[in-house]
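*Asks:* What follows is coords23.txt; its format and atoms are compact mmCIF, C-alpha atoms.
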```txt
# COMPACT_ATOMS: atom_id res chain seq x y z
CA MET E 1 -1.35 -40.06 54.32
CA GLU E 2 -2.83 -39.88 50.89
CA GLN E 3 -6.04 -38.62 52.29
CA ALA E 4 -4.15 -35.96 54.17
CA SER E 5 -2.18 -34.78 51.15
CA ASN E 6 -5.15 -34.41 48.81
CA PRO E 7 -6.98 -31.69 50.74
CA ASP E 8 -3.78 -29.70 50.97
CA ARG E 9 -3.12 -29.82 47.25
CA GLU E 10 -6.69 -29.03 46.41
CA TRP E 11 -6.75 -26.09 48.73
CA LYS E 12 -3.56 -24.53 47.40
CA LYS E 13 -4.77 -24.95 43.88
CA GLY E 14 -8.28 -23.72 44.24
CA GLY E 15 -8.63 -21.68 47.41
CA ALA E 16 -9.49 -18.48 45.62
CA GLU E 17 -11.85 -20.31 43.34
CA LEU E 18 -13.56 -21.86 46.33
CA LEU E 19 -14.27 -18.42 47.75
CA ILE E 20 -15.86 -17.23 44.53
CA LEU E 21 -17.89 -20.38 43.97
CA SER E 22 -19.14 -20.24 47.56
CA LEU E 23 -20.37 -16.69 47.17
CA LEU E 24 -22.22 -17.56 44.00
CA GLU E 25 -23.94 -20.58 45.51
CA GLN E 26 -26.99 -18.74 46.77
CA GLN E 27 -27.40 -16.07 44.14
CA ALA E 28 -25.85 -14.48 41.07
CA ARG E 29 -23.49 -11.62 41.80
CA HIS E 30 -21.45 -9.10 39.82
CA GLY E 31 -17.70 -8.76 40.25
CA TYR E 32 -17.65 -5.78 42.57
CA ASP E 33 -20.22 -7.44 44.83
CA ILE E 34 -18.01 -10.54 45.04
CA CYS E 35 -14.99 -8.43 45.99
CA LYS E 36 -16.85 -6.58 48.73
CA LEU E 37 -18.30 -9.78 50.16
CA ILE E 38 -14.90 -11.48 50.36
CA GLU E 39 -13.42 -8.44 52.04
CA ALA E 40 -16.33 -8.05 54.45
CA ARG E 41 -16.69 -11.70 55.43
CA SER E 42 -12.93 -12.13 55.92
CA GLY E 43 -12.87 -9.04 58.15
CA GLY E 44 -10.59 -7.30 55.67
CA ALA E 45 -8.02 -10.10 55.75
CA LEU E 46 -8.72 -11.12 52.14
CA ARG E 47 -9.02 -8.56 49.42
CA PHE E 48 -9.38 -9.08 45.67
CA HIS E 49 -8.53 -6.36 43.18
CA VAL E 50 -9.88 -6.02 39.72
CA THR E 51 -6.84 -7.67 38.13
CA THR E 52 -7.01 -10.70 40.40
CA LEU E 53 -10.75 -11.25 40.52
CA TYR E 54 -11.66 -11.02 36.85
CA PRO E 55 -8.99 -13.40 35.52
CA LEU E 56 -10.34 -15.93 38.02
CA LEU E 57 -13.90 -15.32 36.92
CA TYR E 58 -12.96 -15.65 33.24
CA ARG E 59 -11.13 -18.93 33.92
CA LEU E 60 -14.07 -20.31 35.88
CA GLU E 61 -16.36 -19.29 33.06
CA GLU E 62 -14.16 -20.94 30.48
CA ARG E 63 -14.19 -24.16 32.50
CA GLY E 64 -17.98 -24.01 32.68
CA LEU E 65 -18.18 -23.61 36.46
CA VAL E 66 -19.81 -20.19 36.35
CA GLN E 67 -21.80 -18.37 33.74
CA GLY E 68 -21.68 -14.62 33.16
CA ARG E 69 -24.72 -12.81 31.83
CA TRP E 70 -25.44 -9.13 31.23
CA VAL E 71 -28.49 -8.06 33.22
CA GLU E 72 -30.38 -4.81 32.75
CA LYS E 73 -32.55 -3.54 35.54
CA PRO E 74 -34.84 -0.49 35.49
CA ASN E 75 -33.03 2.77 36.26
CA GLN E 76 -29.75 0.94 36.56
CA ARG E 77 -26.86 0.43 34.22
CA ARG E 78 -26.52 -3.08 32.92
CA ARG E 79 -24.08 -5.29 34.81
CA ARG E 80 -22.58 -8.67 34.30
CA TYR E 81 -23.81 -11.16 36.86
CA TYR E 82 -22.13 -14.47 37.48
CA SER E 83 -24.05 -17.52 38.57
CA LEU E 84 -23.02 -21.05 39.43
CA THR E 85 -23.57 -23.76 36.83
CA ALA E 86 -24.49 -27.35 37.64
CA GLU E 87 -20.88 -28.38 37.12
CA GLY E 88 -19.81 -25.47 39.33
CA SER E 89 -22.07 -26.76 42.09
CA ARG E 90 -20.48 -30.22 41.92
CA VAL E 91 -16.97 -28.77 41.97
CA LEU E 92 -17.92 -26.52 44.89
CA ALA E 93 -19.16 -29.52 46.85
CA ARG E 94 -15.92 -31.40 46.24
CA GLN E 95 -13.78 -28.42 47.14
CA ARG E 96 -15.73 -27.84 50.34
CA GLN E 97 -15.16 -31.43 51.34
CA SER E 98 -11.46 -31.12 50.57
CA TRP E 99 -11.24 -27.92 52.53
CA GLN E 100 -12.94 -29.46 55.56
CA GLY E 101 -10.62 -32.45 55.35
CA PHE E 102 -7.65 -30.11 55.16
CA VAL E 103 -8.76 -28.12 58.20
CA GLU E 104 -9.45 -31.27 60.21
CA ALA E 105 -6.06 -32.70 59.28
CA MET E 106 -4.33 -29.47 60.29
CA SER E 107 -6.27 -29.41 63.55
CA ARG E 108 -5.31 -32.99 64.33
CA VAL E 109 -1.66 -32.31 63.69
CA MET E 110 -1.67 -29.11 65.62
CA GLY E 111 -3.60 -30.80 68.45
CA VAL E 112 -0.99 -33.59 68.68
CA GLU E 113 1.82 -31.08 68.66
CA ASN E 114 0.09 -28.90 71.24
CA ALA E 115 -0.41 -31.89 73.43
CA MET U 1 -15.05 11.20 37.38
CA PRO U 2 -12.01 9.76 35.61
CA ASP U 3 -12.57 8.07 32.27
CA TRP U 4 -12.05 4.50 33.40
CA LYS U 5 -12.92 3.04 30.02
CA GLN U 6 -10.07 4.95 28.48
CA GLU U 7 -7.66 3.84 31.20
CA ILE U 8 -8.61 0.20 30.79
CA GLY U 9 -8.71 0.38 27.00
CA ARG U 10 -5.18 1.78 26.95
CA ARG U 11 -3.93 -1.07 29.10
CA LEU U 12 -5.68 -3.75 27.06
CA ALA U 13 -4.74 -2.30 23.68
CA ASP U 14 -1.57 -4.37 23.32
CA LEU U 15 -3.08 -7.60 24.62
CA ARG U 16 -4.67 -8.47 21.26
CA ILE U 17 -8.05 -9.42 22.69
CA GLU U 18 -10.86 -10.10 20.25
CA PRO U 19 -12.58 -6.69 19.76
CA THR U 20 -16.10 -7.66 20.91
CA ARG U 21 -14.76 -9.38 23.99
CA GLU U 22 -12.45 -6.48 24.70
CA ALA U 23 -15.36 -4.04 24.63
CA ALA U 24 -17.30 -6.21 27.09
CA ILE U 25 -14.31 -6.47 29.41
CA ILE U 26 -13.77 -2.71 29.31
CA GLU U 27 -17.40 -2.08 30.21
CA GLU U 28 -17.37 -4.60 33.03
CA LEU U 29 -14.10 -3.45 34.55
CA SER U 30 -14.92 0.24 34.22
CA GLN U 31 -18.09 -0.34 36.28
CA HIS U 32 -16.01 -2.08 38.90
CA LEU U 33 -13.54 0.82 39.02
CA GLU U 34 -16.35 3.36 39.23
CA ASP U 35 -17.75 1.53 42.24
CA ARG U 36 -14.31 1.29 43.81
CA TYR U 37 -13.64 4.99 43.15
CA GLY U 38 -16.98 5.94 44.70
CA GLU U 39 -16.24 3.75 47.68
CA LEU U 40 -12.90 5.46 48.28
CA LEU U 41 -14.48 8.90 47.99
CA SER U 42 -17.16 7.90 50.48
CA ALA U 43 -14.43 6.73 52.82
CA GLY U 44 -12.94 10.21 52.80
CA SER U 45 -10.23 9.98 50.14
CA SER U 46 -9.63 12.96 47.91
CA GLU U 47 -10.40 12.57 44.23
CA SER U 48 -6.72 12.43 43.29
CA ASP U 49 -5.92 9.90 46.00
CA ALA U 50 -8.90 7.78 45.07
CA ARG U 51 -7.94 7.91 41.44
CA GLN U 52 -4.35 6.98 42.22
CA THR U 53 -5.44 4.04 44.39
CA VAL U 54 -7.75 2.69 41.71
CA LEU U 55 -5.06 2.98 39.05
CA GLU U 56 -2.60 1.11 41.24
CA GLU U 57 -5.12 -1.67 41.68
CA LEU U 58 -5.38 -1.84 37.92
CA GLU U 59 -1.73 -2.85 37.57
CA GLY U 60 -1.25 -6.34 36.17
CA SER U 61 -4.08 -6.07 33.66
CA GLU U 62 -2.20 -8.41 31.31
CA LEU U 63 -3.41 -11.25 33.55
CA ILE U 64 -6.87 -10.66 32.12
CA ALA U 65 -5.77 -11.57 28.60
CA ALA U 66 -3.92 -14.62 29.89
CA ALA U 67 -7.13 -15.88 31.49
CA LEU U 68 -9.10 -15.68 28.27
CA PRO U 69 -9.49 -18.68 25.98
CA SER U 70 -7.43 -18.56 22.79
CA SER U 71 -10.57 -18.01 20.73
CA GLU U 72 -10.97 -14.61 22.36
CA ARG U 73 -7.41 -13.58 21.66
CA ARG U 74 -6.36 -12.51 18.23
CA PHE U 75 -2.83 -13.88 18.73
CA THR U 76 -1.80 -16.42 21.26
CA HIS U 77 1.88 -15.59 21.03
CA ASN U 78 3.66 -12.44 22.10
CA VAL U 79 3.07 -9.41 19.99
CA THR U 80 5.96 -7.83 18.18
CA PRO U 81 7.57 -5.23 20.41
CA PRO U 82 7.20 -1.67 19.18
CA ALA U 83 10.11 -0.08 17.39
CA SER U 84 12.36 2.04 19.53
CA ALA U 85 13.63 5.52 18.78
CA PRO U 86 16.34 6.01 16.13
CA SER U 87 19.89 5.60 17.39
CA GLY U 88 21.32 8.14 14.97
CA ASN U 89 23.37 5.53 13.09
CA LEU U 90 21.73 5.13 9.70
CA LEU U 91 23.10 1.66 8.96
CA SER U 92 22.33 0.38 12.44
CA ASP U 93 18.78 1.73 12.28
CA LEU U 94 18.33 0.23 8.83
CA LEU U 95 19.42 -3.21 9.99
CA ARG U 96 17.24 -2.97 13.08
CA ASP U 97 14.23 -1.91 11.00
CA LEU U 98 14.93 -4.78 8.63
CA ARG U 99 14.98 -7.28 11.48
CA TYR U 100 11.83 -5.73 12.92
CA GLY U 101 10.11 -6.05 9.55
CA LEU U 102 11.15 -9.67 9.16
CA ARG U 103 9.93 -10.50 12.67
CA SER U 104 6.60 -8.83 11.94
CA MET U 105 6.27 -10.81 8.72
CA GLY U 106 7.12 -14.00 10.54
CA LYS U 107 4.37 -13.38 13.06
CA ALA U 108 1.75 -13.00 10.34
CA PRO U 109 2.91 -15.33 7.55
CA ALA U 110 -0.42 -15.57 5.75
CA PHE U 111 -0.83 -11.81 5.65
CA SER U 112 2.78 -11.42 4.51
CA PHE U 113 2.31 -14.01 1.77
CA PHE U 114 -0.71 -12.29 0.29
CA ALA U 115 0.86 -8.85 0.67
CA ILE U 116 3.96 -10.00 -1.23
CA LEU U 117 1.84 -11.79 -3.82
CA THR U 118 -0.24 -8.67 -4.39
CA LEU U 119 2.87 -6.53 -4.70
CA ALA U 120 4.48 -9.00 -7.11
CA LEU U 121 1.40 -9.12 -9.33
CA GLY U 122 1.09 -5.35 -9.26
CA ILE U 123 4.74 -4.80 -10.12
CA GLY U 124 4.59 -7.46 -12.82
CA ALA U 125 1.51 -5.93 -14.42
CA SER U 126 3.01 -2.43 -14.26
CA THR U 127 6.26 -3.65 -15.79
CA THR U 128 4.42 -5.37 -18.61
CA VAL U 129 2.36 -2.29 -19.41
CA PHE U 130 5.44 -0.09 -19.28
CA THR U 131 7.39 -2.48 -21.50
CA VAL U 132 4.70 -2.41 -24.15
CA ALA U 133 4.24 1.36 -23.87
CA ASN U 134 8.00 1.88 -23.94
CA THR U 135 8.36 -0.26 -27.03
CA LEU U 136 5.41 1.05 -28.98
CA LEU U 137 5.26 4.67 -27.90
CA LEU U 138 8.62 5.74 -26.54
CA HIS U 139 10.82 3.73 -28.88
CA PRO U 140 9.08 3.49 -32.21
CA LEU U 141 10.44 1.59 -35.18
CA PRO U 142 14.09 2.60 -35.68
CA ALA U 143 13.47 3.41 -39.33
CA ARG U 144 14.67 6.50 -41.13
CA ASP U 145 11.20 8.07 -41.25
CA PRO U 146 8.59 5.89 -39.51
CA SER U 147 5.76 8.30 -40.25
CA ARG U 148 6.13 7.60 -43.96
CA LEU U 149 5.82 3.84 -43.60
CA VAL U 150 2.63 2.03 -44.43
CA CYS U 151 1.57 -1.60 -44.30
CA LEU U 152 0.04 -3.24 -47.31
CA TYR U 153 -2.31 -6.19 -47.11
CA THR U 154 -4.53 -7.96 -49.54
CA THR U 155 -8.16 -8.95 -49.20
CA GLU U 156 -10.31 -11.66 -50.66
CA VAL U 157 -13.00 -10.18 -52.86
CA LYS U 158 -15.37 -13.12 -52.42
CA ASN U 159 -14.90 -13.48 -48.71
CA GLN U 160 -15.08 -10.02 -47.13
CA LYS U 161 -15.39 -10.07 -43.38
CA GLN U 162 -16.45 -7.34 -41.01
CA SER U 163 -12.88 -6.95 -39.75
CA GLY U 164 -11.74 -6.22 -43.29
CA GLY U 165 -10.32 -9.69 -43.90
CA LEU U 166 -6.72 -8.50 -44.17
CA LEU U 167 -4.44 -11.17 -45.59
CA PRO U 168 -0.69 -11.32 -46.19
CA ILE U 169 0.61 -10.89 -49.70
CA SER U 170 2.29 -13.76 -51.46
CA TYR U 171 5.84 -13.50 -52.73
CA LEU U 172 4.88 -13.53 -56.41
CA ASN U 173 2.20 -10.90 -55.94
CA LEU U 174 4.70 -8.72 -54.13
CA LYS U 175 7.12 -9.10 -57.02
CA ASP U 176 4.38 -7.87 -59.36
CA TYR U 177 3.61 -4.93 -57.10
CA GLN U 178 7.28 -4.03 -57.01
CA ALA U 179 7.51 -4.18 -60.74
CA ALA U 180 4.44 -2.03 -61.25
CA ASN U 181 5.06 0.28 -58.32
CA ALA U 182 4.46 3.90 -59.16
CA VAL U 183 3.35 5.05 -55.72
CA PHE U 184 5.98 4.07 -53.18
CA SER U 185 9.64 4.83 -53.12
CA GLY U 186 10.29 1.26 -52.04
CA LEU U 187 8.39 -1.93 -51.46
CA ALA U 188 9.64 -4.88 -49.43
CA GLY U 189 8.23 -7.92 -47.68
CA PHE U 190 9.08 -10.01 -44.67
CA SER U 191 7.85 -13.11 -42.90
CA PRO U 192 7.17 -13.39 -39.19
CA PRO U 193 10.07 -14.71 -37.07
CA LEU U 194 10.31 -18.44 -37.80
CA VAL U 195 11.77 -21.09 -35.57
CA MET U 196 15.00 -22.41 -37.04
CA THR U 197 17.82 -24.63 -35.83
CA LEU U 198 21.38 -23.40 -35.56
CA THR U 199 23.79 -26.33 -35.59
CA GLU U 200 27.35 -26.01 -34.35
CA SER U 201 30.04 -28.40 -33.28
CA THR U 202 28.91 -27.95 -29.67
CA GLY U 203 25.31 -28.84 -30.46
CA SER U 204 22.09 -27.38 -31.80
CA GLU U 205 19.95 -24.59 -30.51
CA ARG U 206 16.79 -22.78 -31.43
CA PHE U 207 17.09 -19.60 -33.45
CA PHE U 208 14.47 -17.23 -34.77
CA GLY U 209 14.99 -16.26 -38.39
CA GLN U 210 13.06 -13.93 -40.63
CA LEU U 211 12.88 -14.12 -44.41
CA VAL U 212 12.99 -10.73 -46.11
CA THR U 213 12.74 -9.64 -49.72
CA GLN U 214 15.02 -7.41 -51.69
CA GLY U 215 15.27 -3.87 -50.37
CA TYR U 216 13.96 -4.67 -46.88
CA PHE U 217 16.69 -2.92 -44.91
CA GLU U 218 17.04 -0.16 -47.50
CA THR U 219 13.31 0.60 -47.44
CA LEU U 220 13.49 1.00 -43.69
CA GLY U 221 16.50 3.26 -44.08
CA LEU U 222 18.78 1.22 -41.81
CA THR U 223 22.54 1.24 -41.65
CA PRO U 224 24.32 -1.96 -40.58
CA ALA U 225 26.24 -1.94 -37.31
CA LYS U 226 28.79 -4.19 -38.95
CA GLY U 227 29.34 -5.48 -42.49
CA ARG U 228 26.53 -4.90 -44.97
CA PHE U 229 22.99 -5.90 -45.83
CA PHE U 230 21.97 -8.12 -48.73
CA LEU U 231 23.13 -7.19 -52.20
CA PRO U 232 20.50 -7.22 -54.98
CA ALA U 233 22.28 -10.14 -56.60
CA GLU U 234 22.04 -12.15 -53.41
CA ILE U 235 18.30 -11.83 -53.10
CA SER U 236 17.05 -11.79 -56.68
CA ALA U 237 16.45 -15.42 -57.65
CA PRO U 238 15.50 -18.55 -55.67
CA GLY U 239 18.55 -20.05 -54.00
CA SER U 240 20.71 -17.19 -55.18
CA ALA U 241 22.93 -16.71 -52.08
CA PRO U 242 23.15 -18.35 -48.64
CA VAL U 243 23.87 -15.16 -46.70
CA ALA U 244 22.55 -13.91 -43.39
CA VAL U 245 22.35 -10.72 -41.36
CA LEU U 246 22.56 -11.16 -37.59
CA SER U 247 20.63 -9.08 -35.09
CA TYR U 248 22.76 -6.89 -32.85
CA SER U 249 21.66 -8.70 -29.67
CA ALA U 250 22.36 -12.15 -31.17
CA TRP U 251 25.82 -10.98 -32.23
CA LYS U 252 26.54 -9.57 -28.75
CA ILE U 253 24.98 -12.33 -26.66
CA ARG U 254 25.17 -15.51 -28.72
CA PHE U 255 28.53 -14.78 -30.36
CA ASP U 256 30.01 -12.57 -27.61
CA GLY U 257 30.34 -9.67 -30.04
CA ALA U 258 33.02 -11.54 -32.01
CA ALA U 259 35.04 -9.17 -34.15
CA ASP U 260 35.37 -11.78 -36.89
CA ILE U 261 31.65 -12.51 -37.13
CA ILE U 262 31.53 -11.26 -40.71
CA GLY U 263 32.30 -14.16 -42.97
CA ARG U 264 31.54 -16.79 -40.37
CA THR U 265 29.41 -19.72 -41.54
CA LEU U 266 26.28 -20.74 -39.67
CA GLN U 267 24.39 -23.97 -40.23
CA ILE U 268 20.73 -22.90 -40.33
CA ASN U 269 18.25 -25.74 -40.76
CA GLY U 270 21.06 -27.79 -42.28
CA THR U 271 22.12 -25.15 -44.82
CA PRO U 272 25.37 -23.19 -44.41
CA PHE U 273 24.83 -19.42 -44.41
CA THR U 274 27.56 -16.81 -44.43
CA VAL U 275 27.15 -13.86 -42.14
CA VAL U 276 27.51 -10.69 -44.18
CA GLY U 277 26.34 -8.09 -41.65
CA VAL U 278 24.93 -7.16 -38.27
CA ALA U 279 21.74 -5.10 -37.96
CA PRO U 280 21.85 -1.83 -36.01
CA GLN U 281 21.49 -1.89 -32.25
CA GLY U 282 17.86 -1.84 -31.07
CA PHE U 283 16.38 -3.04 -34.35
CA LEU U 284 14.00 -5.94 -33.70
CA GLY U 285 12.33 -6.03 -37.07
CA VAL U 286 9.07 -4.23 -37.61
CA SER U 287 7.09 -6.12 -34.96
CA ALA U 288 8.73 -3.91 -32.30
CA VAL U 289 8.09 -6.38 -29.46
CA PHE U 290 9.61 -9.64 -30.59
CA GLY U 291 12.34 -9.78 -33.18
CA PRO U 292 14.40 -12.46 -34.93
CA ASP U 293 18.00 -13.44 -34.28
CA LEU U 294 18.89 -13.19 -37.92
CA TRP U 295 17.51 -12.31 -41.32
CA LEU U 296 17.79 -14.45 -44.42
CA PRO U 297 16.97 -13.71 -48.06
CA ALA U 298 13.44 -14.72 -48.95
CA THR U 299 14.96 -16.41 -51.99
CA MET U 300 16.43 -19.02 -49.63
CA ALA U 301 12.98 -20.14 -48.48
CA GLN U 302 13.27 -23.53 -50.09
CA GLN U 303 16.49 -24.23 -48.17
CA VAL U 304 15.24 -23.30 -44.71
CA LEU U 305 11.49 -23.77 -44.65
CA PRO U 306 9.84 -27.11 -43.89
CA GLY U 307 8.43 -29.13 -46.78
CA PRO U 308 4.84 -27.83 -46.98
CA MET U 309 6.08 -24.23 -47.10
CA GLN U 310 8.93 -24.59 -49.53
CA ASP U 311 6.94 -23.52 -52.59
CA VAL U 312 5.99 -20.07 -51.28
CA LEU U 313 8.24 -18.56 -53.94
CA ARG U 314 6.40 -20.36 -56.73
CA GLU U 315 2.74 -20.31 -55.76
CA ARG U 316 0.87 -17.06 -55.99
CA GLY U 317 -1.73 -18.01 -53.45
CA LYS U 318 0.68 -19.19 -50.79
CA THR U 319 2.33 -17.21 -48.02
CA VAL U 320 4.58 -17.91 -45.04
CA LEU U 321 1.95 -17.64 -42.32
CA PRO U 322 0.68 -14.05 -41.98
CA GLU U 323 3.25 -12.48 -44.24
CA ARG U 324 3.17 -8.71 -44.32
CA ARG U 325 4.46 -6.06 -46.58
CA LYS U 326 6.08 -2.89 -45.47
CA ALA U 327 6.58 -0.01 -47.77
CA GLU U 328 7.77 3.52 -47.65
CA ALA U 329 5.41 5.85 -49.36
CA ARG U 330 6.78 8.14 -52.00
CA ASN U 331 4.24 10.75 -51.01
CA GLN U 332 2.21 11.12 -47.84
CA PRO U 333 0.47 7.85 -46.87
CA GLN U 334 -3.00 7.50 -48.31
CA PRO U 335 -5.01 5.17 -46.04
CA SER U 336 -7.76 4.82 -48.57
```
Go ahead and express the file in the form of structure tokens.
*Replies:*
Amino acid sequence: MEQASNPDREWKKGGAELLILSLLEQQARHGYDICKLIEARSGGALRFHVTTLYPLLYRLEERGLVQGRWVEKPNQRRRRYYSLTAEGSRVLARQRQSWQGFVEAMSRVMGVENA
Amino acid sequence: MPDWKQEIGRRLADLRIEPTREAAIIEELSQHLEDRYGELLSAGSSESDARQTVLEELEGSELIAAALPSSERRFTHNVTPPASAPSGNLLSDLLRDLRYGLRSMGKAPAFSFFAILTLALGIGASTTVFTVANTLLLHPLPARDPSRLVCLYTTEVKNQKQSGGLLPISYLNLKDYQAANAVFSGLAGFSPPLVMTLTESTGSERFFGQLVTQGYFETLGLTPAKGRFFLPAEISAPGSAPVAVLSYSAWKIRFDGAADIIGRTLQINGTPFTVVGVAPQGFLGVSAVFGPDLWLPATMAQQVLPGPMQDVLRERGKTVLPERRKAEARNQPQPS
């Protein structure tokens, strides 16, 4: 039971954070890029606005899970790119595991009920 | 293209974010809004619709400040709400403004402390300067003709200093000057205010007394507020008469303006003195800033002065501290 309750709590607490950390796993991205990716990959079901995304980013940055850095590229305005830190990678791994446990637990319950 | 920086800056203005961080946030968010605005235009929205949509998505910007660490916020508590419009009731508005001011001070106690301290020091300094200017310039010596008064000092021939080496004149020398005076219409001397003890049945208290020579009040052209000044017979020979003249403020404050003050006996430094008069209101002696509570005849020096100073009436080279002489010139003063 304990194992079943932990993934649920973790997911409720950090679902949005998990999305952001996942998108930053492969490469650094700026805020608008993160928003568009979440919207696109969720098929429009999930959408972050400026006032929901950036508070999350600032909290993650304060906790040391991501790091923001201004980047200037030729012929482009400078933008703030966020990348995953080492601690962010460890937290992402734990949250992924919790999420998978949560989904499996839900599936088992739903499978029993369906049966 | 709407000015997104201005829109964001206006929304963040009251959130008290540290200025450098605020500028970075405004830049970052304005880029996001520009991208979002462009996206909406590309999707077929009109400029006004796109602008409206972006502004709606900007609602809730206070969450940004809440997400920042305290080090990036100038104040972690709620800011003081802005004052509302006047209600029309003067007293009500005054009380509300007073409460608003107190709340504002409470939210910035260190600033309030130094602001109040600065004001207090400034007011204190201004008051002091005005008091001195008022005393010296606006209320000069309440003598009959102050412009005809001069101060006389003596100097040591063998010990001249750059400052002039002005010294007070001893009692015996003054007596000689008075006897040989052919220049001034009057010549009188006085000591600085001296600390004395007034003893009564209820206890003792500190009093400031000044010893004056014959003709002191007359030379200054004063008229007593009550009673009289010293008679020549009372101030002619050592120990001649234990009489005193009270200052107006001492009479009013210390003795509650008693109508029977004349004739009352005061124990000054253990010697009984009879009050014969009260000086005119506002007269503080010739020092203008600090005056005595009463005046005594210089001839009573031996009765009221401490031991080492009791022979000032007999020794030509001895004075009561920096004793000065005040005289009214018969003709126009001649500084040289």
*Asks:* Could you write out as a PyMOL selection string the residues of chain U within 10 Å of chain E, counting all atoms listed in the file?
*Replies:* chain U and resi 24-25+27-36+54+56-69
*Asks:* Taking C-alpha atoms for each residue, export the selection above as a compact mmCIF listing (two decimals), in the frame of the given file.
*Replies:*
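Below you can see out_21.txt, which holds the result:
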```txt
# COMPACT_ATOMS: atom_id res chain seq x y z
CA ALA U 24 -17.30 -6.21 27.09
CA ILE U 25 -14.31 -6.47 29.41
CA GLU U 27 -17.40 -2.08 30.21
CA GLU U 28 -17.37 -4.60 33.03
CA LEU U 29 -14.10 -3.45 34.55
CA SER U 30 -14.92 0.24 34.22
CA GLN U 31 -18.09 -0.34 36.28
CA HIS U 32 -16.01 -2.08 38.90
CA LEU U 33 -13.54 0.82 39.02
CA GLU U 34 -16.35 3.36 39.23
CA ASP U 35 -17.75 1.53 42.24
CA ARG U 36 -14.31 1.29 43.81
CA VAL U 54 -7.75 2.69 41.71
CA GLU U 56 -2.60 1.11 41.24
CA GLU U 57 -5.12 -1.67 41.68
CA LEU U 58 -5.38 -1.84 37.92
CA GLU U 59 -1.73 -2.85 37.57
CA GLY U 60 -1.25 -6.34 36.17
CA SER U 61 -4.08 -6.07 33.66
CA GLU U 62 -2.20 -8.41 31.31
CA LEU U 63 -3.41 -11.25 33.55
CA ILE U 64 -6.87 -10.66 32.12
CA ALA U 65 -5.77 -11.57 28.60
CA ALA U 66 -3.92 -14.62 29.89
CA ALA U 67 -7.13 -15.88 31.49
CA LEU U 68 -9.10 -15.68 28.27
CA PRO U 69 -9.49 -18.68 25.98
```
*Asks:* Distance cut-off 10 Å, centre (15.9, 2.4, -48.8) in file coordinates, counting only C-alpha atoms: which residues qualify? Return them as a list in words.
*Replies:*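 Nearby residues: Ala143, Arg144, Ser185, Gly186, Leu187, Ala188, Gly215, Tyr216, Phe217, Glu218, Thr219, Leu220, Gly221, Leu222, Thr223, Ala327 and Glu328 of chain U.
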*Asks:* Measure the distance from CA of Pro238 in chain U to CA of Asp293 in chain U in Å and round it to one decimal.
*Replies:*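 Rounded to one decimal, the two atoms are 22.1 Å apart.
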*Asks:* CA of Gly270 in chain U and CA of Leu296 in chain U, how far apart in Å?
*Replies:* 13.9 Å
*Asks:* Quick one: everything within 9 Å of Gly291 in chain U, counting only C-alpha atoms, minus sequence neighbours fewer than 2 positions away in the same chain. Send it as a list in words.
*Replies:*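 Those residues are Pro192, Pro193, Phe208, Gly209, Gln210, Ser247, Phe283, Leu284, Gly285, Val286, Ser287, Ala288, Val289, Asp293 and Leu294 of chain U.
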*Asks:* For CA of Ala298 in chain U and CA of Met196 in chain U, quote the distance in Å rounded to one decimal.
*Replies:*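 Interatomic distance here is 14.3 Å.
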*Asks:* List as number ranges by chain the protein and nucleic acid residues near Thr85 in chain E, meaning an atom at most 9 Å away when all atoms listed in the file are counted, but skip any in the same chain fewer than 4 places from it.
*Replies:* E: 64-67, 89-90
*Asks:* Pick the closest to Gln303 in chain U from U:Thr274, U:Thr213, U:Gln6, U:Ser240: which is it, counting all atoms listed in the file?
*Replies:*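 Nearest to Gln303 in chain U: U:Ser240.
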